[in-house]
file entry28.txt (compact mmCIF, C-alpha atoms)
# COMPACT_ATOMS: atom_id res chain seq x y z
CA MET A 51 -4.46 -15.45 -40.13
CA SER A 52 -1.10 -15.78 -38.40
CA THR A 53 -0.36 -19.16 -36.84
CA THR A 54 0.94 -17.38 -33.76
CA MET A 55 -2.41 -15.82 -32.94
CA PRO A 56 -3.87 -18.81 -31.06
CA VAL A 57 -0.81 -18.98 -28.78
CA ALA A 58 -0.86 -15.22 -28.17
CA ALA A 59 -4.58 -15.26 -27.54
CA ALA A 60 -4.18 -18.20 -25.14
CA LEU A 61 -1.54 -16.35 -23.10
CA ASP A 62 -3.68 -13.22 -22.93
CA GLY A 63 -6.66 -15.33 -21.93
CA LEU A 64 -4.74 -17.01 -19.12
CA VAL A 65 -3.62 -13.62 -17.81
CA ALA A 66 -7.21 -12.38 -17.93
CA ASP A 67 -8.45 -15.53 -16.17
CA TYR A 68 -5.92 -15.08 -13.38
CA LEU A 69 -6.83 -11.43 -12.87
CA ARG A 70 -10.47 -12.47 -12.55
CA VAL A 71 -9.46 -14.98 -9.86
CA LEU A 72 -7.62 -12.21 -8.01
CA THR A 73 -10.71 -10.03 -8.20
CA ASN A 74 -13.49 -12.51 -7.48
CA GLU A 75 -11.88 -15.08 -5.18
CA ARG A 76 -9.10 -13.21 -3.42
CA GLY A 77 -10.57 -9.72 -3.22
CA ALA A 78 -7.42 -8.04 -4.51
CA SER A 79 -7.35 -4.26 -4.34
CA VAL A 80 -7.53 -2.04 -7.41
CA HIS A 81 -3.86 -1.16 -6.92
CA THR A 82 -2.80 -4.82 -6.80
CA LEU A 83 -4.82 -5.65 -9.92
CA ARG A 84 -3.35 -2.71 -11.81
CA ALA A 85 0.19 -3.71 -10.85
CA TYR A 86 -0.28 -7.40 -11.73
CA ARG A 87 -1.94 -6.55 -15.03
CA ARG A 88 0.95 -4.26 -15.96
CA GLU A 89 3.63 -6.83 -15.09
CA LEU A 90 1.90 -9.83 -16.69
CA ASP A 91 0.94 -7.91 -19.84
CA GLY A 92 4.60 -6.88 -20.16
CA PHE A 93 5.79 -10.47 -19.82
CA ALA A 94 3.18 -11.77 -22.28
CA ALA A 95 4.09 -9.05 -24.80
CA TRP A 96 7.77 -9.99 -24.55
CA LEU A 97 6.94 -13.65 -25.09
CA ARG A 98 4.86 -12.84 -28.17
CA GLU A 99 7.71 -10.84 -29.66
CA SER A 100 10.68 -13.06 -28.78
CA HIS A 101 9.02 -16.51 -28.73
CA PRO A 102 5.81 -16.22 -30.78
CA ASP A 103 5.13 -19.98 -30.85
CA LEU A 104 5.67 -20.56 -27.11
CA ALA A 105 2.62 -21.80 -25.21
CA ALA A 106 2.30 -21.40 -21.45
CA ARG A 107 3.12 -25.07 -20.82
CA ASP A 108 6.42 -24.66 -22.72
CA ILE A 109 7.75 -21.65 -20.80
CA GLU A 110 11.01 -22.51 -19.04
CA HIS A 111 12.82 -20.77 -16.21
CA THR A 112 15.41 -19.64 -18.76
CA HIS A 113 12.72 -17.62 -20.56
CA ILE A 114 11.76 -15.86 -17.35
CA ARG A 115 15.41 -15.10 -16.54
CA ALA A 116 15.87 -13.74 -20.07
CA TYR A 117 12.86 -11.46 -19.58
CA LEU A 118 14.30 -10.13 -16.32
CA GLY A 119 17.51 -9.48 -18.26
CA THR A 120 15.61 -7.25 -20.69
CA LEU A 121 14.26 -5.27 -17.75
CA TYR A 122 17.82 -4.60 -16.58
CA GLU A 123 18.79 -3.61 -20.12
CA ARG A 124 16.00 -1.02 -19.99
CA LYS A 125 17.70 0.38 -16.86
CA LEU A 126 14.92 -0.77 -14.53
CA SER A 127 15.94 -1.22 -10.90
CA LYS A 128 16.27 -4.52 -9.09
CA ALA A 129 13.16 -3.60 -7.13
CA SER A 130 11.20 -3.25 -10.39
CA ALA A 131 12.51 -6.60 -11.63
CA ALA A 132 11.58 -8.18 -8.29
CA ARG A 133 8.01 -6.83 -8.59
CA ALA A 134 7.73 -8.26 -12.10
CA LEU A 135 9.01 -11.64 -10.92
CA ALA A 136 6.59 -11.67 -7.98
CA ALA A 137 3.65 -11.21 -10.36
CA ILE A 138 4.96 -13.89 -12.73
CA ARG A 139 5.49 -16.32 -9.85
CA SER A 140 1.99 -15.76 -8.56
CA TRP A 141 0.57 -16.31 -12.04
CA PHE A 142 2.57 -19.52 -12.53
CA LYS A 143 1.48 -20.86 -9.15
CA TRP A 144 -2.13 -20.43 -10.27
CA LEU A 145 -1.37 -21.93 -13.71
CA ALA A 146 0.02 -25.04 -12.00
CA ARG A 147 -2.94 -25.34 -9.60
CA ALA A 148 -5.37 -24.94 -12.48
CA LYS A 149 -3.51 -27.66 -14.47
CA HIS A 150 -2.60 -25.30 -17.33
CA ILE A 151 1.06 -26.25 -16.86
CA GLU A 152 2.78 -29.35 -15.51
CA GLN A 153 5.72 -27.66 -13.77
CA ASN A 154 6.11 -24.25 -12.20
CA ALA A 155 9.13 -22.83 -14.02
CA ALA A 156 8.94 -19.54 -12.11
CA SER A 157 9.78 -21.31 -8.83
CA LEU A 158 13.29 -21.94 -10.19
CA VAL A 159 14.05 -18.23 -10.67
CA SER A 160 15.75 -16.46 -7.79
CA THR A 161 14.58 -13.07 -6.61
CA PRO A 162 17.02 -10.24 -7.42
CA LYS A 163 19.03 -9.32 -4.34
CA LEU A 164 17.73 -6.01 -3.10
CA PRO A 165 19.69 -3.50 -1.03
CA LYS A 166 18.48 -3.44 2.55
CA HIS A 167 17.52 0.07 3.53
CA LEU A 168 14.91 1.24 5.96
CA PRO A 169 12.91 4.39 5.35
CA ARG A 170 14.00 7.32 7.43
CA VAL A 171 11.41 7.89 10.12
CA PRO A 172 10.97 11.33 11.69
CA SER A 173 11.35 11.51 15.44
CA ILE A 174 8.38 11.91 17.78
CA GLU A 175 9.30 15.57 18.25
CA GLN A 176 9.49 16.16 14.49
CA MET A 177 6.12 14.53 13.91
CA ASN A 178 4.48 16.53 16.68
CA ARG A 179 5.86 19.75 15.18
CA VAL A 180 4.58 18.88 11.71
CA VAL A 181 1.07 17.89 12.84
CA ASP A 182 0.68 20.73 15.33
CA THR A 183 1.64 23.49 12.88
CA VAL A 184 -0.63 22.91 9.87
CA ARG A 185 -1.47 26.46 8.87
CA ASP A 186 -2.33 28.47 5.77
CA ASP A 187 1.32 28.84 4.79
CA ALA A 188 1.63 25.08 4.24
CA ALA A 189 -1.92 23.88 3.60
CA SER A 190 -4.60 24.75 1.05
CA TRP A 191 -7.33 23.58 3.49
CA PRO A 192 -5.72 23.57 6.95
CA ALA A 193 -8.54 21.84 8.85
CA ARG A 194 -8.73 19.01 6.32
CA ASP A 195 -4.97 18.64 5.99
CA ARG A 196 -4.48 18.60 9.76
CA ALA A 197 -7.08 15.83 10.00
CA ILE A 198 -5.30 13.90 7.23
CA LEU A 199 -1.97 14.03 9.08
CA GLU A 200 -3.64 13.08 12.36
CA MET A 201 -5.29 10.04 10.74
CA LEU A 202 -2.15 8.87 8.92
CA TYR A 203 0.15 9.27 11.92
CA GLY A 204 -2.37 8.81 14.74
CA CYS A 205 -4.08 5.72 13.27
CA GLY A 206 -1.24 4.28 11.15
CA ILE A 207 -3.51 3.66 8.16
CA ARG A 208 -2.42 3.41 4.53
CA ASN A 209 -2.97 6.22 2.04
CA ALA A 210 -5.55 4.16 0.10
CA GLU A 211 -7.32 3.25 3.34
CA LEU A 212 -7.52 6.93 4.26
CA THR A 213 -8.99 8.06 0.93
CA GLY A 214 -11.43 5.15 0.99
CA LEU A 215 -12.98 6.23 4.29
CA ASN A 216 -16.62 7.28 4.39
CA LEU A 217 -18.41 9.33 7.03
CA LYS A 218 -20.13 6.24 8.41
CA ASP A 219 -16.75 4.57 9.04
CA ILE A 220 -16.07 6.92 11.97
CA HIS A 221 -17.61 5.21 15.00
CA TRP A 222 -17.65 8.06 17.49
CA ALA A 223 -19.30 6.11 20.31
CA ASN A 224 -16.60 3.44 20.21
CA GLU A 225 -13.79 5.90 19.48
CA ALA A 226 -12.75 3.76 16.52
CA VAL A 227 -12.43 3.87 12.74
CA LEU A 228 -13.49 1.03 10.43
CA VAL A 229 -10.67 0.58 7.93
CA ARG A 230 -10.80 -1.48 4.74
CA GLY A 231 -7.33 -2.84 4.10
CA LYS A 232 -5.67 -4.98 1.49
CA GLY A 233 -7.70 -7.86 0.11
CA SER A 234 -10.95 -6.25 1.31
CA LYS A 235 -10.03 -7.12 4.91
CA GLN A 236 -11.56 -4.89 7.55
CA ARG A 237 -10.20 -3.85 10.91
CA TYR A 238 -10.97 -1.30 13.60
CA VAL A 239 -8.29 1.13 14.72
CA PRO A 240 -8.56 3.42 17.73
CA LEU A 241 -9.43 7.07 17.13
CA GLY A 242 -7.26 9.06 19.50
CA ASP A 243 -8.27 12.34 21.10
CA ALA A 244 -6.05 14.48 18.86
CA ALA A 245 -7.33 12.80 15.69
CA ALA A 246 -10.94 13.06 16.87
CA GLN A 247 -10.55 16.75 17.63
CA ALA A 248 -9.00 17.43 14.22
CA LEU A 249 -11.74 15.42 12.50
CA ARG A 250 -14.52 17.35 14.23
CA ALA A 251 -12.98 20.67 13.20
CA TYR A 252 -12.67 19.48 9.61
CA LEU A 253 -16.19 18.00 9.48
CA ALA A 254 -17.70 21.35 10.46
CA GLU A 255 -16.00 23.01 7.48
CA ARG A 256 -16.80 20.04 5.23
CA SER A 257 -20.51 20.37 6.03
CA ALA A 258 -20.47 24.11 5.37
CA ARG A 259 -18.79 23.70 1.98
CA LEU A 260 -21.17 20.95 0.88
CA ALA A 261 -24.16 22.99 2.00
CA ALA A 262 -22.93 25.97 -0.01
CA ALA A 263 -22.53 23.69 -3.04
CA LYS A 264 -25.93 22.07 -2.34
CA ALA A 265 -24.26 18.68 -2.60
CA GLU A 266 -23.87 15.46 -0.61
CA THR A 267 -21.24 12.73 -0.65
CA PRO A 268 -20.37 9.76 1.57
CA ALA A 269 -16.64 10.37 1.16
CA LEU A 270 -14.88 11.56 4.31
CA PHE A 271 -12.00 13.50 2.76
CA LEU A 272 -12.91 15.81 -0.12
CA ASN A 273 -10.88 17.63 -2.73
CA LEU A 274 -10.50 21.38 -2.31
CA LEU A 275 -12.90 22.51 -5.05
CA LEU A 276 -15.39 19.65 -4.60
CA ARG A 277 -14.54 18.52 -8.12
CA GLY A 278 -16.61 15.54 -9.23
CA VAL A 279 -19.21 15.95 -6.50
CA THR A 280 -21.94 14.97 -8.96
CA ALA A 281 -19.87 12.22 -10.58
CA ALA A 282 -18.96 8.73 -9.41
CA SER A 283 -15.97 10.00 -7.43
CA ARG A 284 -18.26 12.27 -5.37
CA ALA A 285 -15.38 14.71 -4.73
CA ARG A 286 -13.31 12.05 -2.94
CA LEU A 287 -9.69 13.06 -2.38
CA THR A 288 -7.19 10.92 -4.32
CA THR A 289 -4.11 9.17 -2.98
CA ARG A 290 -1.96 11.30 -5.27
CA SER A 291 -3.37 14.47 -3.75
CA VAL A 292 -2.76 13.15 -0.23
CA GLY A 293 0.84 12.48 -1.19
CA ARG A 294 1.28 16.07 -2.38
CA ILE A 295 -0.36 17.45 0.77
CA VAL A 296 1.88 15.44 3.10
CA LYS A 297 5.07 16.23 1.20
CA ARG A 298 4.37 19.98 1.01
CA ILE A 299 3.64 20.32 4.72
CA ALA A 300 6.55 18.09 5.75
CA ILE A 301 9.12 19.96 3.65
CA LEU A 302 7.94 23.37 4.90
CA ARG A 303 8.35 22.07 8.46
CA GLY A 304 11.93 20.97 7.87
CA LEU A 305 11.55 17.26 7.11
CA SER A 306 13.27 15.40 4.29
CA SER A 307 11.89 15.71 0.77
CA ASP A 308 11.39 11.93 0.59
CA VAL A 309 8.56 12.03 3.15
CA HIS A 310 5.31 10.51 1.87
CA PRO A 311 2.10 9.18 3.48
CA HIS A 312 3.69 5.78 4.13
CA THR A 313 6.43 7.51 6.14
CA LEU A 314 3.77 8.46 8.68
CA ARG A 315 2.65 4.83 8.87
CA HIS A 316 6.24 3.77 9.54
CA ALA A 317 6.49 6.47 12.19
CA PHE A 318 3.26 5.24 13.82
CA GLY A 319 4.64 1.72 14.30
CA THR A 320 8.14 2.81 15.25
CA HIS A 321 7.03 5.34 17.85
CA LEU A 322 4.56 2.90 19.40
CA LEU A 323 7.39 0.42 19.85
CA GLU A 324 9.72 3.06 21.26
CA GLU A 325 7.06 3.90 23.85
CA GLY A 326 6.76 0.28 24.93
CA ALA A 327 3.88 -1.10 22.82
CA ASP A 328 3.73 -4.83 22.20
CA LEU A 329 4.85 -5.89 18.72
CA ARG A 330 1.80 -8.15 18.32
CA ALA A 331 -0.52 -5.23 19.12
CA ILE A 332 1.27 -3.07 16.56
CA GLN A 333 0.75 -5.85 14.02
CA GLU A 334 -2.99 -5.76 14.63
CA LEU A 335 -3.15 -1.97 14.41
CA LEU A 336 -1.23 -1.92 11.12
CA GLY A 337 -3.28 -4.78 9.67
CA HIS A 338 -0.30 -7.01 8.86
CA GLU A 339 -0.84 -10.73 8.32
CA ARG A 340 2.70 -11.62 9.41
CA LEU A 341 4.65 -10.38 12.37
CA SER A 342 7.79 -10.33 10.21
CA THR A 343 6.20 -7.59 8.09
CA THR A 344 5.62 -5.50 11.20
CA GLN A 345 9.22 -5.99 12.22
CA ARG A 346 10.37 -4.61 8.86
CA TYR A 347 7.93 -1.73 9.09
CA THR A 348 9.22 -0.55 12.42
CA GLN A 349 12.79 0.65 12.80
CA LEU A 350 13.79 -2.38 14.82
CA THR A 351 17.33 -3.28 15.80
CA THR A 352 18.50 -6.40 17.59
CA ALA A 353 19.13 -4.29 20.67
CA GLN A 354 15.55 -2.99 20.65
CA LEU A 355 14.12 -6.49 20.26
CA THR A 356 16.30 -7.69 23.12
CA GLN A 357 15.02 -4.86 25.30
CA VAL A 358 11.41 -5.77 24.49
CA TYR A 359 12.14 -9.40 25.31
CA ASP A 360 13.96 -8.61 28.56
CA ARG A 361 11.17 -6.28 29.67
CA THR A 362 8.21 -8.51 28.86
CA HIS A 363 9.09 -12.22 28.83
CA PRO A 364 8.65 -13.97 32.18
CA ARG A 365 11.67 -16.23 31.60
CA ALA A 366 13.91 -13.26 30.87
CA LYS A 367 13.62 -11.85 34.38

call {"tool": "encode", "arguments": {"input": "entry28.txt", "output": "structure tokens"}}
result
Amino acid sequence: MSTTMPVAAALDGLVADYLRVLTNERGASVHTLRAYRRELDGFAAWLRESHPDLAARDIEHTHIRAYLGTLYERKLSKASAARALAAIRSWFKWLARAKHIEQNAASLVSTPKLPKHLPRVPSIEQMNRVVDTVRDDAASWPARDRAILEMLYGCGIRNAELTGLNLKDIHWANEAVLVRGKGSKQRYVPLGDAAAQALRAYLAERSARLAAAKAETPALFLNLLLRGVTAASRARLTTRSVGRIVKRIAILRGLSSDVHPHTLRHAFGTHLLEEGADLRAIQELLGHERLSTTQRYTQLTTAQLTQVYDRTHPRAK
């Protein structure tokens, strides 16, 4: 048996232990777990290959910097390296708290400097044109796809939040939608008239299709052919499919090819602010923990922030 096996097994075990903590104690989403597993498995594999006798307690900041260097050599972007470092930092913070290491070497590694660029957000007029003209030429199931666009833009929810919705999450009496966000956190978002109208039109067709298939499912948004209706997925639409739907409709209506479901979420926040909404209210609607995140999400300039301040703060008048 190789003498390096205990060290390798120990590293893998510590990664597995941390992922369990993310799942059981912090309620991390499936997407977060998948991303952290990928990044930490990559780091552990590199350590096994380049430093086979290195235990977790012996990892220095120079090792982490060297690993980031290999990512650049593989032509990965600074954003990819930053994601890897974020996962490693989070892991090391837990290792230190759990007394597996004495010092957090990852805290000494600087985050790669990322270019500052904001996503291009369609104008209010462009978004209205896209949502109002969902027809057969651009959509495989127009009623469903119109409802998808209305929910993404009208409610500002994430793609994963949209596909995770069930029928029971639509609270018609309260004109609200129960949304399950990151970290299993729940919030209610208003269901506007346009979104409600689109949903009702879609639900009528959804019921007819399920009745014809003699099937039932709790999922709100279904795939076109009801694939998997008897399986665990219960015909639930995937985030990848939503991305394709949004991009196809947007491009055919003259928007940029880089439009994706998150673009509609950006547009939601930006247009609310442009129309005079309070930044704190937008934060609540988007489900952000920090106001600074909301500020990045919306296309804010110093001039816009000054206008909001001048218009709303009592000491500014």

call {"tool": "residues_near_point", "arguments": {"input": "entry28.txt", "point": "(2.1, 10.6, 19.8)", "cutoff": "10 Å", "atoms": "only C-alpha atoms", "output": "PyMOL selection string"}}
result
chain A and resi 174-175+177-178+200+203-204+242+244+317-318+321-322+325

call {"tool": "write_last_selection", "arguments": {"input": "entry28.txt", "atoms": "C-alpha atoms", "output": "short mmCIF file (atom, residue, chain, number, x, y, z; two decimals), in the frame of the given file"}}
result
data_model
loop_
_atom_site.label_atom_id
_atom_site.label_comp_id
_atom_site.auth_asym_id
_atom_site.auth_seq_id
_atom_site.Cartn_x
_atom_site.Cartn_y
_atom_site.Cartn_z
CA ILE A 174 8.38 11.91 17.78
CA GLU A 175 9.30 15.57 18.25
CA MET A 177 6.12 14.53 13.91
CA ASN A 178 4.48 16.53 16.68
CA GLU A 200 -3.64 13.08 12.36
CA TYR A 203 0.15 9.27 11.92
CA GLY A 204 -2.37 8.81 14.74
CA GLY A 242 -7.26 9.06 19.50
CA ALA A 244 -6.05 14.48 18.86
CA ALA A 317 6.49 6.47 12.19
CA PHE A 318 3.26 5.24 13.82
CA HIS A 321 7.03 5.34 17.85
CA LEU A 322 4.56 2.90 19.40
CA GLU A 325 7.06 3.90 23.85
#

call {"tool": "residues_around", "arguments": {"input": "entry28.txt", "residues": "A:Ile151", "least_positions_apart": "6", "cutoff": "7 Å", "atoms": "only C-alpha atoms", "output": "list of chain:residue names"}}
result
A:Ala106, A:Arg107, A:Leu145

call {"tool": "write_last_selection", "arguments": {"input": "entry28.txt", "atoms": "C-alpha atoms", "output": "compact mmCIF listing (two decimals), in the coordinates of the input"}}
result
# COMPACT_ATOMS: atom_id res chain seq x y z
CA ALA A 106 2.30 -21.40 -21.45
CA ARG A 107 3.12 -25.07 -20.82
CA LEU A 145 -1.37 -21.93 -13.71

call {"tool": "closest_residue", "arguments": {"input": "entry28.txt", "among": "A:Ile220, A:Leu249, A:Ala60, A:Ile299", "to": "A:Val181", "atoms": "all atoms listed in the file"}}
result
A:Ile299

call {"tool": "atom_distance", "arguments": {"input": "entry28.txt", "atom1": "atom CA of A:Ala146", "atom2": "atom CA of A:Pro162"}}
result
23.0 Å

call {"tool": "closest_residue", "arguments": {"input": "entry28.txt", "among": "A:Tyr86, A:Tyr238, A:Trp191, A:Tyr68", "to": "A:Glu255", "atoms": "all atoms listed in the file"}}
result
A:Trp191

call {"tool": "closest_residue", "arguments": {"input": "entry28.txt", "among": "A:Ala269, A:Ala226, A:Ala188, A:Ala261", "to": "A:Leu212", "atoms": "only C-alpha atoms"}}
result
A:Ala269

call {"tool": "atom_distance", "arguments": {"input": "entry28.txt", "atom1": "atom CA of A:Arg259", "atom2": "atom CA of A:His312"}}
result
28.8 Å

call {"tool": "atom_distance", "arguments": {"input": "entry28.txt", "atom1": "atom CA of A:Ala300", "atom2": "atom CA of A:Arg179"}}
result
9.6 Å

call {"tool": "closest_atom_pairs", "arguments": {"input": "entry28.txt", "of": "stretch 157-220 of chain A", "to": "stretch 329-335 of chain A", "cutoff": "10 Å", "atoms": "all atoms listed in the file", "output": "Markdown table"}}
result
| residue | atom | partner | partner_atom | distance |
| --- | --- | --- | --- | --- |
| A:Cys205 | CA | A:Leu335 | CA | 7.8 |
| A:Gly206 | CA | A:Leu335 | CA | 7.3 |
| A:Ile207 | CA | A:Leu335 | CA | 8.4 |

call {"tool": "closest_residue", "arguments": {"input": "entry28.txt", "among": "A:Arg315, A:Arg194, A:Lys125, A:Arg230", "to": "A:Ser257", "atoms": "only C-alpha atoms"}}
result
A:Arg194

call {"tool": "residues_around", "arguments": {"input": "entry28.txt", "residues": "stretch 92-101 of chain A", "least_positions_apart": "2", "cutoff": "8 Å", "atoms": "all atoms listed in the file", "output": "list of chain:residue names"}}
result
A:Ala58, A:Leu61, A:Asp62, A:Arg88, A:Glu89, A:Leu90, A:Asp103, A:Leu104, A:Tyr117, A:Ile138

call {"tool": "residues_around", "arguments": {"input": "entry28.txt", "residues": "stretch 294-297 of chain A", "least_positions_apart": "5", "cutoff": "9 Å", "atoms": "only C-alpha atoms", "output": "PDB file with C-alpha atoms, keeping the file's coordinate frame"}}
result
ATOM      1  CA  ALA A 188       1.630  25.080   4.240  1.00  0.00           C
ATOM      2  CA  ALA A 189      -1.920  23.880   3.600  1.00  0.00           C
ATOM      3  CA  SER A 190      -4.600  24.750   1.050  1.00  0.00           C
ATOM      4  CA  ASP A 195      -4.970  18.640   5.990  1.00  0.00           C
ATOM      5  CA  ILE A 198      -5.300  13.900   7.230  1.00  0.00           C
ATOM      6  CA  LEU A 199      -1.970  14.030   9.080  1.00  0.00           C
ATOM      7  CA  THR A 289      -4.110   9.170  -2.980  1.00  0.00           C
ATOM      8  CA  LEU A 302       7.940  23.370   4.900  1.00  0.00           C
ATOM      9  CA  LEU A 305      11.550  17.260   7.110  1.00  0.00           C
ATOM     10  CA  SER A 306      13.270  15.400   4.290  1.00  0.00           C
ATOM     11  CA  SER A 307      11.890  15.710   0.770  1.00  0.00           C
ATOM     12  CA  ASP A 308      11.390  11.930   0.590  1.00  0.00           C
ATOM     13  CA  VAL A 309       8.560  12.030   3.150  1.00  0.00           C
ATOM     14  CA  HIS A 310       5.310  10.510   1.870  1.00  0.00           C
ATOM     15  CA  PRO A 311       2.100   9.180   3.480  1.00  0.00           C
TER      16      PRO A 311
END

call {"tool": "closest_residue", "arguments": {"input": "entry28.txt", "among": "A:Ile109, A:Leu274, A:Val71, A:Val171", "to": "A:Ala148", "atoms": "all atoms listed in the file"}}
result
A:Val71

call {"tool": "decode", "arguments": {"input": "entry28.txt", "residues": "stretch 245-253 of chain A", "atoms": "all heavy atoms", "output": "tab-separated table (two decimals), in the first residue's frame"}}
result
chain	number	residue	atom	x	y	z
A	245	ALA	N	-48.39	38.94	-14.93
A	245	ALA	CA	-47.88	37.60	-14.65
A	245	ALA	C	-49.02	36.66	-14.28
A	245	ALA	O	-49.05	35.49	-14.72
A	245	ALA	CB	-46.85	37.65	-13.53
A	246	ALA	N	-49.98	37.14	-13.50
A	246	ALA	CA	-51.13	36.31	-13.10
A	246	ALA	C	-51.96	35.92	-14.32
A	246	ALA	O	-52.39	34.76	-14.45
A	246	ALA	CB	-51.99	37.06	-12.10
A	247	GLN	N	-52.16	36.85	-15.22
A	247	GLN	CA	-52.94	36.57	-16.42
A	247	GLN	C	-52.25	35.53	-17.29
A	247	GLN	O	-52.88	34.59	-17.80
A	247	GLN	CB	-53.15	37.86	-17.21
A	247	GLN	CG	-54.03	37.71	-18.44
A	247	GLN	CD	-54.24	39.03	-19.16
A	247	GLN	OE1	-53.83	40.09	-18.68
A	247	GLN	NE2	-54.87	38.98	-20.32
A	248	ALA	N	-50.93	35.68	-17.44
A	248	ALA	CA	-50.17	34.72	-18.24
A	248	ALA	C	-50.17	33.35	-17.60
A	248	ALA	O	-50.27	32.32	-18.28
A	248	ALA	CB	-48.73	35.23	-18.43
A	249	LEU	N	-50.06	33.31	-16.27
A	249	LEU	CA	-50.07	32.04	-15.54
A	249	LEU	C	-51.41	31.31	-15.72
A	249	LEU	O	-51.44	30.10	-15.94
A	249	LEU	CB	-49.81	32.27	-14.06
A	249	LEU	CG	-48.37	32.10	-13.55
A	249	LEU	CD1	-48.32	32.30	-12.05
A	249	LEU	CD2	-47.81	30.73	-13.92
A	250	ARG	N	-52.50	32.05	-15.62
A	250	ARG	CA	-53.82	31.42	-15.75
A	250	ARG	C	-53.99	30.82	-17.15
A	250	ARG	O	-54.54	29.72	-17.30
A	250	ARG	CB	-54.91	32.44	-15.46
A	250	ARG	CG	-54.99	32.85	-14.00
A	250	ARG	CD	-56.19	33.76	-13.75
A	250	ARG	NE	-56.15	34.35	-12.41
A	250	ARG	CZ	-56.54	33.75	-11.30
A	250	ARG	NH1	-56.98	32.50	-11.36
A	250	ARG	NH2	-56.47	34.36	-10.13
A	251	ALA	N	-53.54	31.53	-18.16
A	251	ALA	CA	-53.64	31.02	-19.53
A	251	ALA	C	-52.81	29.75	-19.70
A	251	ALA	O	-53.24	28.77	-20.31
A	251	ALA	CB	-53.19	32.09	-20.52
A	252	TYR	N	-51.61	29.77	-19.12
A	252	TYR	CA	-50.75	28.58	-19.19
A	252	TYR	C	-51.34	27.41	-18.41
A	252	TYR	O	-51.33	26.26	-18.88
A	252	TYR	CB	-49.35	28.92	-18.67
A	252	TYR	CG	-48.56	27.70	-18.24
A	252	TYR	CD1	-48.18	26.72	-19.17
A	252	TYR	CD2	-48.20	27.51	-16.90
A	252	TYR	CE1	-47.47	25.59	-18.76
A	252	TYR	CE2	-47.50	26.40	-16.50
A	252	TYR	CZ	-47.14	25.44	-17.43
A	252	TYR	OH	-46.45	24.32	-17.04
A	253	LEU	N	-51.85	27.68	-17.20
A	253	LEU	CA	-52.37	26.60	-16.36
A	253	LEU	C	-53.54	25.87	-17.01
A	253	LEU	O	-53.70	24.65	-16.82
A	253	LEU	CB	-52.78	27.15	-14.99
A	253	LEU	CG	-51.63	27.56	-14.07
A	253	LEU	CD1	-52.15	28.20	-12.80
A	253	LEU	CD2	-50.75	26.36	-13.73
